[in-house]
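Undergrad: Have a look at this one before I ask anything.
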Amino acid sequence: MNGEKSYRRELKKAAIGIIAILPMMLGIVGLVGIFRAFVSREMLAAVFTGNVVSDTLAGTVAGMIAVGQAIVSYILGGELLEQGISLYAVAAFVLSWVTLGVVQLPLEAEVLGLRFTILRNTLAFVFTILTAVAAVWSAQWLQ
Amino acid sequence: MAAVTGPQKAPRRFRWRGVKFLSGVIVLYLALYFWREEQTMEALRTSLGVLAEIVPILFVVVFIAGAIHYWLDPKKLARHLGEEAGWHGWLIALGAGILSHGPMYAWYPMIEDLRRHGLRDGYIAAFFYARAVKVPLLPIMVHYFGWPFTLFLSLYIVLAAWIQGWIVEKVES
């Protein structure tokens, strides 16, 4: 398709890009392992106090620190709801779990720049709270 | 810090990134090993499991990045996702975010590469936030939280992703 390009060469360039960040990626994977082994579900649930406002903020922060598959956050969120935690807090927790990540911040800053990383994550933090609250309001309004 | 600030034409020299960070994590493991041996070994086993999960995703990322470079002319790409792009650029960024799988950091190299070819920062912010919509997991979310919440959350995530991308564009301009 393109005379000057070879697919193999382009693959090699892409692979080199991944290989170059392997140390950073291995470090993040290592932190994920530490988090999962040392921070239990009970410890995460303990940050909620019953106050909707502070719980929503706590949910955002807990989700930001937590790592793992999104499905785990849904299951954990379902358990929190059963324990009487407000849907606002659970929604913020589930959403920040997948949109924010303290563990991956060093790699994001290294690859995309510190300024962009701070801006993106600050916006994501604010919008996670707003989105969670708006979704709960809308769902309650419909019901 | 090797922050990429815009389109660059100079060839990159290979260098390992994050060696100090990895060294710090290794030191942390050693310190934790002497404190809680069993939990540290569990952490190590978990990390190896996570690594096994993301390796196939990294291969997918390499193949996608290679294909994009091979089939797409950087100038055309810049037109679709760069300064000249319009609403269809937002649709591509949001759609790609919704359809992408795996951890966010697995996509960093490809995003960095596209950014070098002119990908706008607003699209990157929108892409990353739109990833919160997990289409295959929607039935599970409905099961736990009900369909009205799932529906509104998904819609608002896409809207929030677009607004964040727009704000990033405004701040950077």
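By order of appearance in the structure tokens: chains A, B, ..., then residues from 1 within every chain, and ligands from 1 in the order shown.
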Hey, list the chain B side of the contact with chain A: 8 Å cut-off, only C-alpha atoms, answer as a PyMOL selection string.

TA: chain B and resi 1-5+14-19+21-23+25-26+39-40+42-47+50-51+58+62-63+65-67+69-71+105+108-110+112+121+125+128-129+131-132+137+140-141+144-145+148-149+152-153+156-157+160+164+168

Undergrad: Would you mind writing down, as a PyMOL selection string, each residue of chain B that DSSP on the backbone assigns to alpha helix (DSSP H)?

TA: chain B and resi 19-35+37-71+74-81+87-99+108-116+121-130+138-145+147-172

Undergrad: Please, what distance in Å, to one decimal, runs between atom CA of Thr60 of chain A and atom CA of Ala92 of chain A?

TA: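 Here the two named atoms are 5.0 Å from each other.
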
Undergrad: Could you jot down the atom CA of Ala66 of chain A to atom CA of Arg41 of chain A separation for me, Å, one decimal place?

TA: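 Between atom CA of Ala66 of chain A and atom CA of Arg41 of chain A the gap is 9.9 Å.
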
Undergrad: For a test of reading the model, state the distance in Å between atom CA of Leu99 of chain B and atom CA of Tyr88 of chain A, rounded to one decimal.

TA: 26.1 Å
